Every structure is written in C-alpha cells, then in structure tokens.
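Chemist: This is the structure, below, for whatever I ask next.
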Amino acid sequence: MSAEQTLDMRLLRDMILVRRFEERCVELYSAGSIRGFLHVYIGEEAVATGVMSALRDDDAIVATYREHGHALLKGMSARSVMAEMFGRVTGCCRGRGGSMHLFDATTRFYGGNAIVGGGLPMAVGLALADRMSGRDRVTVCFFGEGAMAEGEFHESINLAAVWGLPVLFVCENNLYAMGTALARSESETNLAVKAAAYEVPAWTVDGMDVRAVAATAARAVDAIRAGGGPHFLEARTFRFRAHSMFDPERYRERSEVEAWKEHDPIQSLRDRMTAEGVLADADVEAMESEIAVIVDDAAAFAESSPDEDVADLELFVHSPDSSVVLRASEREVVMT
Amino acid sequence: MSAEQTLDMRLLRDMILVRRFEERCVELYSAGSIRGFLHVYIGEEAVATGVMSALRDDDAIVATYREHGHALLKGMSARSVMAEMFGRVTGCCRGRGGSMHLFDATTRFYGGNAIVGGGLPMAVGLALADRMSGRDRVTVCFFGEGAMAEGEFHESINLAAVWGLPVLFVCENNLYAMGTALARSESETNLAVKAAAYEVPAWTVDGMDVRAVAATAARAVDAIRAGGGPHFLEARTFRFRAHSMFDPERYRERSEVEAWKEHDPIQSLRDRMTAEGVLADADVEAMESEIAVIVDDAAAFAESSPDEDVADLELFVHSPDSSVVLRASEREVVMT
Amino acid sequence: MTAAKLEPSTPAQPPEAEPGTTTITYREAIREAMREAMLADDRVFLMGEDVGMYGGCFGVSTGLLEQFGPDRVRDTPLSESAFVGAGIGAALGGMRPIVEVMTVNFSLLALDQIMNTAAALQHMSGGQFQVPIVIRMTTGAGRQLAAQHSHSLEGWYGHIPGIRIVAPATLADARGMLATALADPDPVLFFEHGSLYNMSGELGPDVGPVDIDRAAIRRPGADVTLITYGGTLATTMEAAEVLAGEGVDAEVIDLRTLRPLDDATIIGSVLRTHRAVVIDEGWRSGSLSAEISARITEKAFYELDAPVGRVCSAEVPMPYARHLELAALPSVPEIVDAAQRSMRGEV
Amino acid sequence: MTAAKLEPSTPAQPPEAEPGTTTITYREAIREAMREAMLADDRVFLMGEDVGMYGGCFGVSTGLLEQFGPDRVRDTPLSESAFVGAGIGAALGGMRPIVEVMTVNFSLLALDQIMNTAAALQHMSGGQFQVPIVIRMTTGAGRQLAAQHSHSLEGWYGHIPGIRIVAPATLADARGMLATALADPDPVLFFEHGSLYNMSGELGPDVGPVDIDRAAIRRPGADVTLITYGGTLATTMEAAEVLAGEGVDAEVIDLRTLRPLDDATIIGSVLRTHRAVVIDEGWRSGSLSAEISARITEKAFYELDAPVGRVCSAEVPMPYARHLELAALPSVPEIVDAAQRSMRGEV
Ligand SMILES: Cc1ncc(C[n+]2csc(CCOP(=O)(O)OP(=O)(O)O)c2C)c(N)n1
Ligand SMILES: Cc1ncc(C[n+]2csc(CCOP(=O)(O)OP(=O)(O)O)c2C)c(N)n1
Ligand SMILES: [Mg+2]
Ligand SMILES: [Mg+2]
C-alpha cells in the first residue's frame, strides 16, 4: 500500500473507533452506567482524526469537554477512558474526572476542560515551556466556535502571537454553541478572518473531509515546528447529536441535521476510497470487528472495575510530597 | 465668526482648560493635597476634546482612571472634580472616589474606572438600555491601547456588534501601557484592523490634531445615531508625562518624548489658527486668564471644603431605600 | 437520603393542598416569577447564554422567548464578563435586567464586574448611581458534574459588601423572591441549587413577593438549632426528622438571604436552644458556616451549652464518581451526628 | 499609629544588628529572593505586567530584566486570565514560573484559571498533573487607592482547596518564603502587602528558605492571643506594646500561611491565654477571621474565658479620602479595645 493509502486506512479506522466508542457511551448513559454530563463528537470525528494524524507522539493536546475522541486518538486506552466515565479507580483519573475531564500524562493529553475557553491559556503555557526549553514540540488546542467569543480566546491567541509560540489553535466550528447559532454569537462569522486579525496564519478547511483536515493540519504543524509561530485552523463541521444528553434541540431543524448527515465524514471517506478501488467491504468489516472487540472490552473492563476507596477521597488535593500533606497528619495529632 | 471658527475657539479653550487643570493637579499632588494614584492626560487633550465636541449633552461617557479631562469636558465643574481629588465631601463623589473614580449622574459621566478594560461592558449595557428604550443617545467609551489586549475588549465590542448597539469605542493609543510598548502587547499593532475584525467600522485619526478628531468623531457619532451600530476610533497620541506620579520612565527615551512634544495639540491648533489669521495672542491671553480663575477657584474651593463626616463611612454601600439599610438599624436593636 | 440529596423529594414546606393551589416545580416557580415580572414591568428583561432558543440550560426560561420575543429574552455569546457588565450598564440606563449566568462556576469569569463595579459603584460614586440588577445562577453539586461544575460559592460571595445574596430553598421562595429582588435598588445575586429544579409541590393562589430580609424557621424545635440554606435545607429537614426519632427536637433555620445575614432570627433561636450546628454545602474553610459560627460566638457565647458545630463539604475539588461525591457532601447521618454531639456538648 | 499603618516603621522582628547583617527593605528582600531563585534554577522565570522594562509596578523586580534578559523576565500584555493560565501551562511543561499579578484587585480576572484549573487539576487528573506555580500579588489598602485598588482578598482566597496561600509580614519571610513556595509542588499564592514594601531593617547573613507550615509567635504573652498576618502585623505589634503599658501581656501570632492554617500554633496559644482576638484587614463578614474564630470555638471552646473577638475592615468598598480609609481599616486603638474587652470576657 502507498503511504497515502496507509494513512487513509488509519484515518478511516480511527474515525470508526471514535464513532463506535461514543455510540456505546450513549447507550451506557441511558443505562445509567455513565452519569453527569456527556457530550459526544458524533459527526465531527474528521476534525480530531485529521489533526492528530499530523502530530508527533510528544506533541501535546488541550481539548474540551467533548474530548473522548481526542483522548482515544492521542493514544489513551479505551479501557482507561471508559472506566473513567464509569467513575472507576481504573479510569485515567481514578474516577475523579469523568467524561469532561480525561487526562493522561503519558500521552501528553492535558484534558478535558469543562470551562469554555479555559484550556487556551494552558496551551499557550505548555508551548512557552517548550520554547524556553528549546524543544520542538507542538501544542494543539481544540475549542468550539462558541469559545471564540470568550475573552480567553482573545488574550491567549494574542499572547501566543506576540511571543511566537508553537501552538496550533483548532476551532471545531460545528455552527452551534449549545443552542446559539454562530451568527448570534459572533459579529464576524468568518472565523479565519478573526484569527488573522492577530497576525496569525489562519486557514479554513472542510471539517467533514478528513483528508483535507489531515493535509492542512500537516502544513500548519510543519510550519509551527519550523518556528513559524502560532497557526489557526477552522474546521467546518457539524454535531449530529444533541449538545449533551439533556438537550431537547429546539434551536435547529431536523432537516438541517439530516442535510449534514449526508456529509458524514466516515461514509464520505469510505465512499471515496471504495470508488478509488483502495477499500473493500471486507476491509471495513475487519475494522468494525477489531473495534467492536476494543469497545466491548472497554465496557466490560469498566463494568468489572472497582471503585476508588472512599477513604482516599482527599488524595490528590495536594501532592503527596507537599508539606501540606506531610504536616496534615501531624496537625491532627496536635489537635486531638 | 464662522461656525468652524467658533468650534476652533472652543476646542482650543477646552484643551487649555484641561492642560492647566492637570498641571495644577500635579502641583497639588507634590504638595500632598492630592493622594493615591494620579494619572494625567497632558499631551492627549485633543482626543477627548475632539470627541466630546461631537456629542450631545444627553450622550453618555465611560472613561478610565485618566479621566480628569473627560470629566471637565463633559461639563462637570472644576470645583467638584478638584474637591473630589482632595477627598472632600463637596467632591463629585463626596471624597469616596478620588482621581480614578470621578462620576456625575447629571452630565451622564459614568466614570472613572480603575480596572483596565472594566468600563467597556458597562458602555455596551448603557447603549443596550437606550436601544431597548427607543432613545437615540450615544455612549462613548474611552480606553487605552493596552486595554485592547484584555478579554473585556473582545467580548464587549463583539457583543455591541452582534446587537448593533450605539457605542463609540475610542482607543486612546498613546503607544505605552505603563511601560509596555504597543508592539510588545499586541501582535497586530494596527488597532483599526483589530476592530474591523468584529465587522465594526473602524477609523484611525491623528490624535494630536483636534480638528481631525472632532471631524472624524462627528462622522462616527452621526452614523451611530442614525442606527449604524458600534464604531471604533483609534486616536494616535502620546503621554507627555509619566504614567502616574510613581513612574521612573525607564522604558522610553527622553528624545521620544521631546519629539512628540513638537506635536503638542494645543500649540499646533494655536499655530494653525494664528496662521489662518483667526486667532490673536489676545484671544489666548483671554482664555488663559478665564481658565486661571477657574483653576484657582477650584483649588481654593477644594482646599476650604470640609471632609465627609466619618460617621457616614458606610453611607452608599446600599441605597438608603434598600431594606438592607432600613432593617440594619432594627437588627442592631434586636442584637443589643 | 442519597436520593433526597440528589433530588429532594420532600418539599421544604408542608404540602397540604388548599383550594386554589396548584402543583408546581421549583423550575416552574422561577419561570412564572420571571414571566410575571416581565409582564408587570417593561424595564425587566432576561439575558444570558441560551436563555432563549435553547430554552435555558436547565429549562428555567423555556417558553419566555416565544412570549416576550428576542429583545427581552436575549441570548448572549459566551462572554460572561461582558454580558454581566452589560447588565450593570443596562441597569444604570434605567432597565431592570435579570442576567442569567448559567452556573456559578462560570461566574468567576464575571467576578471583576460583580465585585469591582456592581458592588462598588454606588459607594465610589458617592451615592449617585444605583445598580438594580438581579444575577441568577445555578449553584451546587450532587449531579456528578465534577470539579468545574459543582461549586457552591454563594456563601463565599457573601464576603462582598454592596450586594445582596438570596438562595431560595422552597417553592414559595422560588416563586416569590425574584419580585422582591427586582424591587431592590441594589445588585442581588440569586442562587438556584441545581438539585432543586425538579422539586415539586403545592403553591397557594396568593403567590407574590416575599420578604427577603428575614430567615425562616422551617421547623420549630427546642433542643438544637440547625442553620442552613438552599440545597441542604431538604437534607437538614430530613435529619431533623431522624433526630426527632432519637428524641432530639431540632429547630431548622433556612437563612434565605446569605448577605446580609439575619442575625436576629439566628441568635434568637440559639438563645432558646443554646446549641447550634451550621450545615453548608460550601467547602468548610472560609465558608459561610464560619461566619455564622463566629457571629453566634460573638453574640451568644455565654448562652451556648456546646461549641457551634459545622457540617460542610469536604475540602476537595468535587470528584465525578458518585460514591466520592456523596462522601464529599453533607449527609443526613453527618448532620444527625453533629447535632447529637452538640447535645453532648461536643463538636 | 496612622503613619505606622500606612508605612510600618517598626520591622515586625527585633532589629538588633549582628555582624554580617545588611539593611534591606521588604521590596529588596523579595527581589533578592527572586534573583537567588533564578540563579539557582533555570526553570524559574518571572512573568507579568511591567515586570521588565518598567521595573515592576512597585519596583520589586527592578534590575532583573537587565540581569536575566527578556526570556526569563517577561512583560505580558494586559491579559490576566491568559498569562496566569499560561503560567499554569508552563508549570505543567516543566518550568517553575513566578507569575506576578500586579495587584490582587486584578486577580479576579484570573480567578477562573486559579480555581478551576490550578487548584483543581491535580485532583481532576487523579494525581497525574502537578502545578508548581507561584503567583505573586500586591494586596491591601492604606494608600488611598480607593475601592478598586484596595482589596485584601488573601484570606478570602483561603477558601479554595488545592492551593497554598502565604503572606510574608517580615523581612525574613519576604526573603525566605519564595524559595519554599517554589519548592512546593503545588500552586502557591504569594501576597505582598503594599504598605510593607518600604519597611526596612537588618537581615542576617544566614538568609534562606524558611518553613511555611508553621505560624510564628512574634511576641510571646500570657494574657490574650492576638492573631493576624501580613499588613496588620505591625499594627498588632504596636497594639501589643500599648496593651503592655496597660498591664495586658498579649501574645501575637503571625499566621504566615493562610491556607492551610496552622491550627496547632493557634490553639496551642489559646490553650495558654484562654482569650483570642483576630485582626484581619479583610471585610469582616466571611473573612479569614471568621474561620479562625470558628476553629478556636470548635477546638478550644471549654478553654475560652471570653468569646473570640475580631477586628476587621469596615464592610465598605474602600473610600479614597484618607480619614475615611483610616476609619475603615483596623487600628491600634480598635485592637487595644478588643483585647481589653476580651480581658473583661466581652466581645
Ligand atoms: C465559561 C463557560 N460558560 C458556559 C458554559 C456552558 N457551556 C458548556 S458547552 C457550551 C457551548 C460551547 O459551544 P462551542 O464552544 O461551540 O463548543 P461545542 O459544544 O459546540 O463543541 C456552553 C455554553 C461553560 N461550560 N463554560
Ligand atoms: C485589569 C488591570 N490590570 C492592570 C492594571 C494596572 N494598570 C493601570 S493603568 C495600566 C496601563 C494601561 O495602559 P493603557 O490601556 O494603554 O492606558 P493608558 O494608561 O496608556 O492611558 C496598567 C497596567 C489595572 N489597573 N487593571
Ligand atoms: Mg460549537
Ligand atoms: Mg496606553
């Protein structure tokens, strides 16, 4: 297989993995195994899949509360992610974070932030540390178009630009922020134009076309790694499902959703590869069954995993080696 | 005299008033009569003077901590402003605000905000109230170029633009935010370009040329009053003095300051009017003596004014007609 | 008890139905209060994220956009600092804005506007400007929303002079406090505990503005005073029942207004029971419970038969896992134990 | 006394000069601590508004840009939320940032980053990520800077789990606390009271990291415990001298670390004196003084010969006028009165 074909195969397989994993999450939410807020990425998989394909393992990711896919794509195990959503001690955050707060130090996945826009400053800081340490790593920050109205977007991209830091800002423009359509939240709806006003190279790409996303992201990441400073990428995509499990979806027409489903990123790539004669149904079936095993295994693992001991509730408020913790026990002694 | 000449005379007189008033403030600060932080506008007078000349009495102003001139130009008496800086009960805020917090309900002067960028949201709200009430008033918000890096700028101008509100955003670009030069605080140093990225009509004007400021502001205000939504005006100017009375000015060369003083807005207008044969030295002497009286009177008034009664310390934390206040006395009774 | 904490079943007030009463939820009570206020006064309008097209993040404002239109039910961009500040400006401009900050967790982004402008403006201006704004927020934990979506900061906000803070814990207060808050000439923060929205019960026909200067004694008792508010009232009422079974007659005070505190009612009760336990969902250190404990000591020290007790949340960013979250929050057994210790003169 | 409050003259520790001692100001002590830290560890850098070219708003970092260059002494744009958040990210990236937020008043703009990220990240991530950041801020009133520039919120910040809060009140602590704070693997908020910068005195040659887990007894005494920190230590020491003249032997505790509180030292002292008064520049309601009062009641109720007293700032946005500001702040006479009332068993 050519390099392109290998990449295409991987992109297809990764998108299907994210899709099937989240479909299972929705089932498990209805079953009560997953609680709290659950935001799925179904329909938007091409964005994270394409961008991640352009990264090195040591590059860093900062994402949002809609980040299950990003976590899996960065290399976190389906088991640790699913167990986290079940609130188990075997989860990536030992059950403390849940769906909105997935983290993984090993793969440099920095969350998992449930404050809209809250992750952008952190991404700038991670890039600053790389720059000051002479490392050529890239930090990629994902956020929605709604987040661009927050002051944190403005302050963060300006800071990254003033200091020429290696950050790729990826706006997942799915046209809605909960129920708020882009035109009602931004006076300038061409988001690349907004970003360009910070003197940052900005591109817009079809977020339903994973090949386009991958190619554009690769160009941006290369430019950043070469010292080109921060870049901005707007991926135009769409959320097929409700914002969260509580969203009655009063704010958009069913027809709009159906129209976008015509551009399902997985089906689109599959059709193109099939037309190009580089993909057989058997290939997809193989992927599906490999993925089914992963998802079943993750669910079974989560289901059978134990909970954190309640006695450990206060673990990780401070570091074990912080004197706040070391002295705490002592303080008790003195007190009682 | 032609309308232009009358306006020029007024502009010249107003700029001199602000200059002389603040020169006296600096003296009185050194003398210890004024305390806290004092930020003077010396060198920048053409900006507020020109903009204010385009306003109606019922238009509103939101300014910064560098607002003595704006207060006087909006029609506040030199007495009430000077007494406020002395901390007297006769001051516009009964001594509670000081130099950074001048307010006046009668002339619709909404301060006097010492949080950089903090006034912008208020300006948007004042304009929203006018819009919802069907009034054709304009709200003018002054801020420095340093404030444009704050999230409040981004959120406020976007909100005003999305809702098409009657706000004139005036950026007093004096090239420095305390010791931080524009290029070290903004990746895009063409501030009108930044503003235009919010789909807001944006103009840049020579902030040392009061006629240019007045003319441009008039156009903007007319457009806003006609329903044209928010506009942005960048006035390029310079602070002749230190940022505040504590600033050692390590961050800029004396020569840069001297070069800018060549463009003193007062001298420039005076020279042009003289050259045009519409201004005689006697006219200026007349203005100076009228102004000297005003400033002397303000200082004398402030000096001789009484302090607020210490017993009234807690006045105005809540409104007199708030039950928080009405019940307070009662609570005391119950307690003792 | 667990269920009760997550979704209080017992309305905090007697549910006997009288003629003319209607069954209503806490969510609907606040919605009706907003509807009534907007019908009664053209200056009142609602703005915030997703209050309109979406119907309100927690469904509180559902239907108001359709009734009042986009001018008076304004969806805002994600810009907490700007739209809270714009609410302040609109109030200065003669309006009576109700600003909904989706949850207290996001209000931190608007805290500068709240503390440095809304709370300070009248004083800074020497009494020239009043800021009649009502800022509504959902608060509290109990729904497995984890560390960034579970803060209970309403008591912490109580440190700020110049604002009033209310926390309706009953249907009558949910229905009646908004009108009173809107009538206040100064800024009011209005906290709705997320676990109360589905609480339902009967409301009489005579709904209307309620006094917000006085705390309420939700359960009279002679032995110990349990002081709480908002989301923990139901838990505390439940604990009082358990205590009754154990022979302890607990009085339960619902603070209702967290700033200013109604010392008269609090101290008045303690002077009768000589014992007090404060139940507060906030993190223990620096929570409102500390202020209440300090005030009781200051005003009734020699009347106390036991040190003032406190039952608060564990000092941890709220964990997602249900069992950990429940362990972190005040529970009926903890309250009962604290009250029993107080009966024994212990803390 | 007035002068002392505005610019404490008496250093809070005995100034006898030993061989090898140098005269130094509080401002210089912090500067030297930063210089030492940056020389000792390449990962340490300073960032904030005007820390470089301007020399620091209050002159604390003057000269550091020249010595360490713009990479390690970074002027930031006016973007509190972004550069505090960037400091958090840099800490995650292996650096040891010292972030200067010019004053606590502006830190409200960065509070979301502090509470929802810095303080919560380690817990949310199940212990995977530590955030070794030190955030320095000037705090306090006393210089006629009015309502938006006079907050004393360090005690209020003490409500947040996951952060440590220190407030150096002496030259030795100003010189030694930074190294200890930088050695802490978790976020530390470092509060410098603006009225202390010009305080000067002698420092011995053996300067270096100081313990920040323990409060310090600045003046031993047997009759009443005066508990304070930061900007009000000098005022309290002065009050203790006045009290000595009146025959009352006051013990003065300097908390040093506001979170976590050193209960051992506080309670240990109260168990000896049986009386306590807390002096706190914060607004009274919900201030740190309330938490301390509550804890003393909880842990030493039966040992108390008087209710715990509090001397705090008046609950007003700080007025500009000097006489009003002085009236709003804790003063020597108020502290003396409160201690004398405590001696009489009153509050
Ligand atoms: C600061 C803040 N405000 C509000 C919310 C509530 N909220 C969660 S997601 C969301 C919409 C965000 O939209 P967008 O940025 O476009 O991302 P998307 O959900 O579409 O992926 C809102 C309003 C929040 N979590 N944080
Ligand atoms: C939020 C905030 N951050 C920092 C400060 C301290 N400060 C006061 S004025 C100033 C510079 C502002 O520069 P600019 O906006 O250009 O206005 P100028 O002073 O030049 O008129 C700074 C940093 C503040 N008052 N508020
Ligand atoms: Mg979106
Ligand atoms: Mg400037």
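Each chain in the structure tokens gets a letter, A, B, ..., in the order shown, and its residues are numbered from 1; ligands are numbered from 1 in order too.
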Just list the residues in range 57-270 of chain B DSSP gives helix (DSSP H, G or I) on the backbone, as a count of residues only.
Modeler: 90
Chemist: Show me a table, sorted first by chain and then by increasing residue number, of the residues of chain C having an atom at most 6 Å from chain D, each with its shortest atom pair and the distance in Å to one decimal, counting only C-alpha atoms and written as a Markdown table.
Modeler:
| residue | atom | partner | partner_atom | distance |
| --- | --- | --- | --- | --- |
| C:Leu108 | CA | D:Asp112 | CA | 5.3 |
| C:Leu109 | CA | D:Asp112 | CA | 5.9 |
| C:Asp112 | CA | D:Leu108 | CA | 5.3 |
| C:Asn116 | CA | D:Gln148 | CA | 5.7 |
| C:Ala120 | CA | D:Pro317 | CA | 5.6 |
| C:Gln148 | CA | D:Asn116 | CA | 5.7 |
| C:His159 | CA | D:Gly286 | CA | 4.8 |
| C:Pro161 | CA | D:Glu315 | CA | 5.5 |
| C:Ser285 | CA | D:His159 | CA | 5.4 |
| C:Gly286 | CA | D:His159 | CA | 4.8 |
| C:Ala290 | CA | D:Glu291 | CA | 4.9 |
| C:Glu291 | CA | D:Ala290 | CA | 4.9 |
| C:Ser293 | CA | D:Ala294 | CA | 5.5 |
| C:Ala294 | CA | D:Ala294 | CA | 5.4 |
| C:Thr297 | CA | D:Pro307 | CA | 5.9 |
| C:Glu298 | CA | D:Pro307 | CA | 5.8 |
| C:Phe301 | CA | D:Pro307 | CA | 5.9 |
| C:Pro307 | CA | D:Glu298 | CA | 5.8 |
| C:Glu315 | CA | D:Pro161 | CA | 5.6 |
| C:Val316 | CA | D:Pro161 | CA | 5.8 |
| C:Pro317 | CA | D:Ala120 | CA | 5.6 |
Chemist: Can I get the residues of chain B within 7 Å of chain A, each with the closest pair of atoms and their distance in Å to one decimal, using only C-alpha atoms, sorted chain first then ascending number, as a tab-separated table?
Modeler:
residue	atom	partner	partner_atom	distance
B:Ala149	CA	A:Glu155	CA	6.1
B:Glu150	CA	A:Glu155	CA	6.2
B:Gly151	CA	A:Gly151	CA	3.4
B:Glu152	CA	A:Gly151	CA	6.2
B:His154	CA	A:Gly151	CA	6.0
B:Glu155	CA	A:Gly151	CA	5.9
B:Asn158	CA	A:Ser187	CA	6.0
B:Ala161	CA	A:Ser187	CA	5.7
B:Val162	CA	A:Ser187	CA	4.8
B:Arg184	CA	A:Val162	CA	6.6
B:Ser185	CA	A:Val162	CA	6.9
B:Glu186	CA	A:Val162	CA	6.4
B:Ser187	CA	A:Val162	CA	4.8
B:Glu188	CA	A:Tyr198	CA	5.3
B:Val193	CA	A:Ala197	CA	6.7
B:Lys194	CA	A:Ala197	CA	5.4
B:Ala197	CA	A:Lys194	CA	5.4
B:Tyr198	CA	A:Glu188	CA	5.3
B:Glu199	CA	A:Glu188	CA	5.7
Chemist: Could you list, as an mmCIF file with N, CA, C and O atoms, in the first residue's frame, all the residues within 8 Å of ligand 3, counting only C-alpha atoms and all ligand atoms?
Modeler:
data_model
loop_
_atom_site.group_PDB
_atom_site.id
_atom_site.type_symbol
_atom_site.label_atom_id
_atom_site.label_comp_id
_atom_site.auth_asym_id
_atom_site.auth_seq_id
_atom_site.Cartn_x
_atom_site.Cartn_y
_atom_site.Cartn_z
ATOM 1 N N GLY A 144 -14.430 25.083 20.527
ATOM 2 C CA GLY A 144 -15.547 25.297 19.610
ATOM 3 C C GLY A 144 -15.635 26.737 19.152
ATOM 4 O O GLY A 144 -14.958 27.619 19.686
ATOM 5 N N GLU A 145 -16.476 26.961 18.156
ATOM 6 C CA GLU A 145 -16.628 28.343 17.652
ATOM 7 C C GLU A 145 -17.254 29.234 18.721
ATOM 8 O O GLU A 145 -16.979 30.430 18.762
ATOM 9 N N GLY A 146 -18.047 28.637 19.591
ATOM 10 C CA GLY A 146 -18.644 29.441 20.658
ATOM 11 C C GLY A 146 -17.591 30.006 21.591
ATOM 12 O O GLY A 146 -17.723 31.119 22.109
ATOM 13 N N ALA A 147 -16.531 29.237 21.794
ATOM 14 C CA ALA A 147 -15.458 29.654 22.692
ATOM 15 C C ALA A 147 -14.723 30.879 22.179
ATOM 16 O O ALA A 147 -14.089 31.603 22.953
ATOM 17 N N GLU A 172 -13.208 23.965 16.239
ATOM 18 C CA GLU A 172 -14.176 22.993 15.733
ATOM 19 C C GLU A 172 -15.496 23.735 15.553
ATOM 20 O O GLU A 172 -16.308 23.827 16.473
ATOM 21 N N ASN A 173 -15.681 24.314 14.376
ATOM 22 C CA ASN A 173 -16.875 25.112 14.128
ATOM 23 C C ASN A 173 -18.036 24.219 13.710
ATOM 24 O O ASN A 173 -18.204 23.899 12.540
ATOM 25 N N ASN A 174 -18.832 23.837 14.690
ATOM 26 C CA ASN A 174 -19.999 22.989 14.391
ATOM 27 C C ASN A 174 -21.276 23.826 14.333
ATOM 28 O O ASN A 174 -22.387 23.309 14.446
ATOM 29 N N LEU A 175 -21.088 25.136 14.167
ATOM 30 C CA LEU A 175 -22.180 26.084 13.921
ATOM 31 C C LEU A 175 -23.077 26.401 15.113
ATOM 32 O O LEU A 175 -23.860 27.355 15.071
ATOM 33 N N TYR A 176 -22.984 25.625 16.167
ATOM 34 C CA TYR A 176 -23.809 25.911 17.340
ATOM 35 C C TYR A 176 -22.997 25.830 18.626
ATOM 36 O O TYR A 176 -22.139 24.960 18.766
ATOM 37 N N ALA A 177 -23.301 26.720 19.537
ATOM 38 C CA ALA A 177 -22.781 26.670 20.900
ATOM 39 C C ALA A 177 -24.008 26.373 21.746
ATOM 40 O O ALA A 177 -24.855 27.242 21.918
ATOM 41 N N MET A 178 -24.140 25.135 22.173
ATOM 42 C CA MET A 178 -25.416 24.678 22.728
ATOM 43 C C MET A 178 -26.492 25.065 21.718
ATOM 44 O O MET A 178 -26.479 24.558 20.603
ATOM 45 N N LEU A 182 -23.903 30.355 15.281
ATOM 46 C CA LEU A 182 -22.717 31.198 15.091
ATOM 47 C C LEU A 182 -23.064 32.668 14.870
ATOM 48 O O LEU A 182 -22.500 33.551 15.513
ATOM 49 N N ARG A 239 -22.408 18.895 14.534
ATOM 50 C CA ARG A 239 -22.724 17.955 15.604
ATOM 51 C C ARG A 239 -24.015 17.246 15.228
ATOM 52 O O ARG A 239 -25.067 17.867 15.123
#
Chemist: For chain A, report every residue with an atom at most 7 Å from chain D (counting only C-alpha atoms), formatted as a ChimeraX atom specification.
Modeler: /A:93-94,96-97,101,103,105,121-126,128-130,152,155-156,316-319,322,331,334-335
Chemist: Expressed in Å to a single decimal, how great is the separation between CA of Phe240 in chain B and CA of Glu22 in chain B?
Modeler: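 So the two atoms, CA of Phe240 in chain B and CA of Glu22 in chain B, lie 12.2 Å apart.
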Chemist: Env of Val26 in chain B: 9 Å cut, atoms = only C-alpha atoms, seq-sep filter 5 positions within chain, self excluded. Answer as a PyMOL selection string.
Modeler: chain B and resi 21+31+34+38+40+245
Chemist: If you run DSSP on this backbone, which residues of range 88-315 of chain A come out as strand (DSSP E or B), and could you give them as a count of residues only?
Modeler: 30
Chemist: Need the shell around Gly140 in chain C: protein/DNA/RNA residues with any atom at most 6 Å away, counting only C-alpha atoms. Skip same-chain ones fewer than 6 positions apart. Format as a PDB file with all heavy atoms, in the first residue's frame?
Modeler:
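The resulting file, out.pdb, is shown below:
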ATOM      1  N   SER C 150     -19.392  22.025  39.925  1.00  0.00           N
ATOM      2  CA  SER C 150     -20.082  21.644  41.170  1.00  0.00           C
ATOM      3  C   SER C 150     -19.845  22.608  42.313  1.00  0.00           C
ATOM      4  O   SER C 150     -20.110  22.276  43.463  1.00  0.00           O
ATOM      5  CB  SER C 150     -19.615  20.237  41.589  1.00  0.00           C
ATOM      6  OG  SER C 150     -19.895  19.301  40.567  1.00  0.00           O
ATOM      7  N   HIS C 151     -19.355  23.812  42.008  1.00  0.00           N
ATOM      8  CA  HIS C 151     -19.077  24.739  43.104  1.00  0.00           C
ATOM      9  C   HIS C 151     -20.351  25.172  43.821  1.00  0.00           C
ATOM     10  O   HIS C 151     -21.413  25.279  43.212  1.00  0.00           O
ATOM     11  CB  HIS C 151     -18.369  25.991  42.584  1.00  0.00           C
ATOM     12  CG  HIS C 151     -17.023  25.729  41.994  1.00  0.00           C
ATOM     13  ND1 HIS C 151     -16.061  24.973  42.629  1.00  0.00           N
ATOM     14  CD2 HIS C 151     -16.464  26.128  40.821  1.00  0.00           C
ATOM     15  CE1 HIS C 151     -14.975  24.934  41.872  1.00  0.00           C
ATOM     16  NE2 HIS C 151     -15.195  25.604  40.765  1.00  0.00           N
ATOM     17  N   SER C 152     -20.180  25.429  45.126  1.00  0.00           N
ATOM     18  CA  SER C 152     -21.234  26.057  45.933  1.00  0.00           C
ATOM     19  C   SER C 152     -20.609  27.320  46.507  1.00  0.00           C
ATOM     20  O   SER C 152     -20.096  27.302  47.617  1.00  0.00           O
ATOM     21  CB  SER C 152     -21.670  25.128  47.073  1.00  0.00           C
ATOM     22  OG  SER C 152     -22.247  23.954  46.546  1.00  0.00           O
ATOM     23  N   HIS C 193     -30.222  26.221  43.489  1.00  0.00           N
ATOM     24  CA  HIS C 193     -29.460  24.973  43.583  1.00  0.00           C
ATOM     25  C   HIS C 193     -29.954  23.979  42.525  1.00  0.00           C
ATOM     26  O   HIS C 193     -31.149  23.688  42.447  1.00  0.00           O
ATOM     27  CB  HIS C 193     -29.580  24.364  44.976  1.00  0.00           C
ATOM     28  CG  HIS C 193     -28.528  23.323  45.242  1.00  0.00           C
ATOM     29  ND1 HIS C 193     -28.522  22.100  44.628  1.00  0.00           N
ATOM     30  CD2 HIS C 193     -27.422  23.358  46.020  1.00  0.00           C
ATOM     31  CE1 HIS C 193     -27.468  21.413  45.025  1.00  0.00           C
ATOM     32  NE2 HIS C 193     -26.783  22.152  45.873  1.00  0.00           N
TER      33      HIS C 193
END
Chemist: Do you have the CA of Arg31 in chain D-CA of Ile227 in chain D distance handy?
Modeler: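 Separation between CA of Arg31 in chain D and CA of Ile227 in chain D: 27.8 Å.
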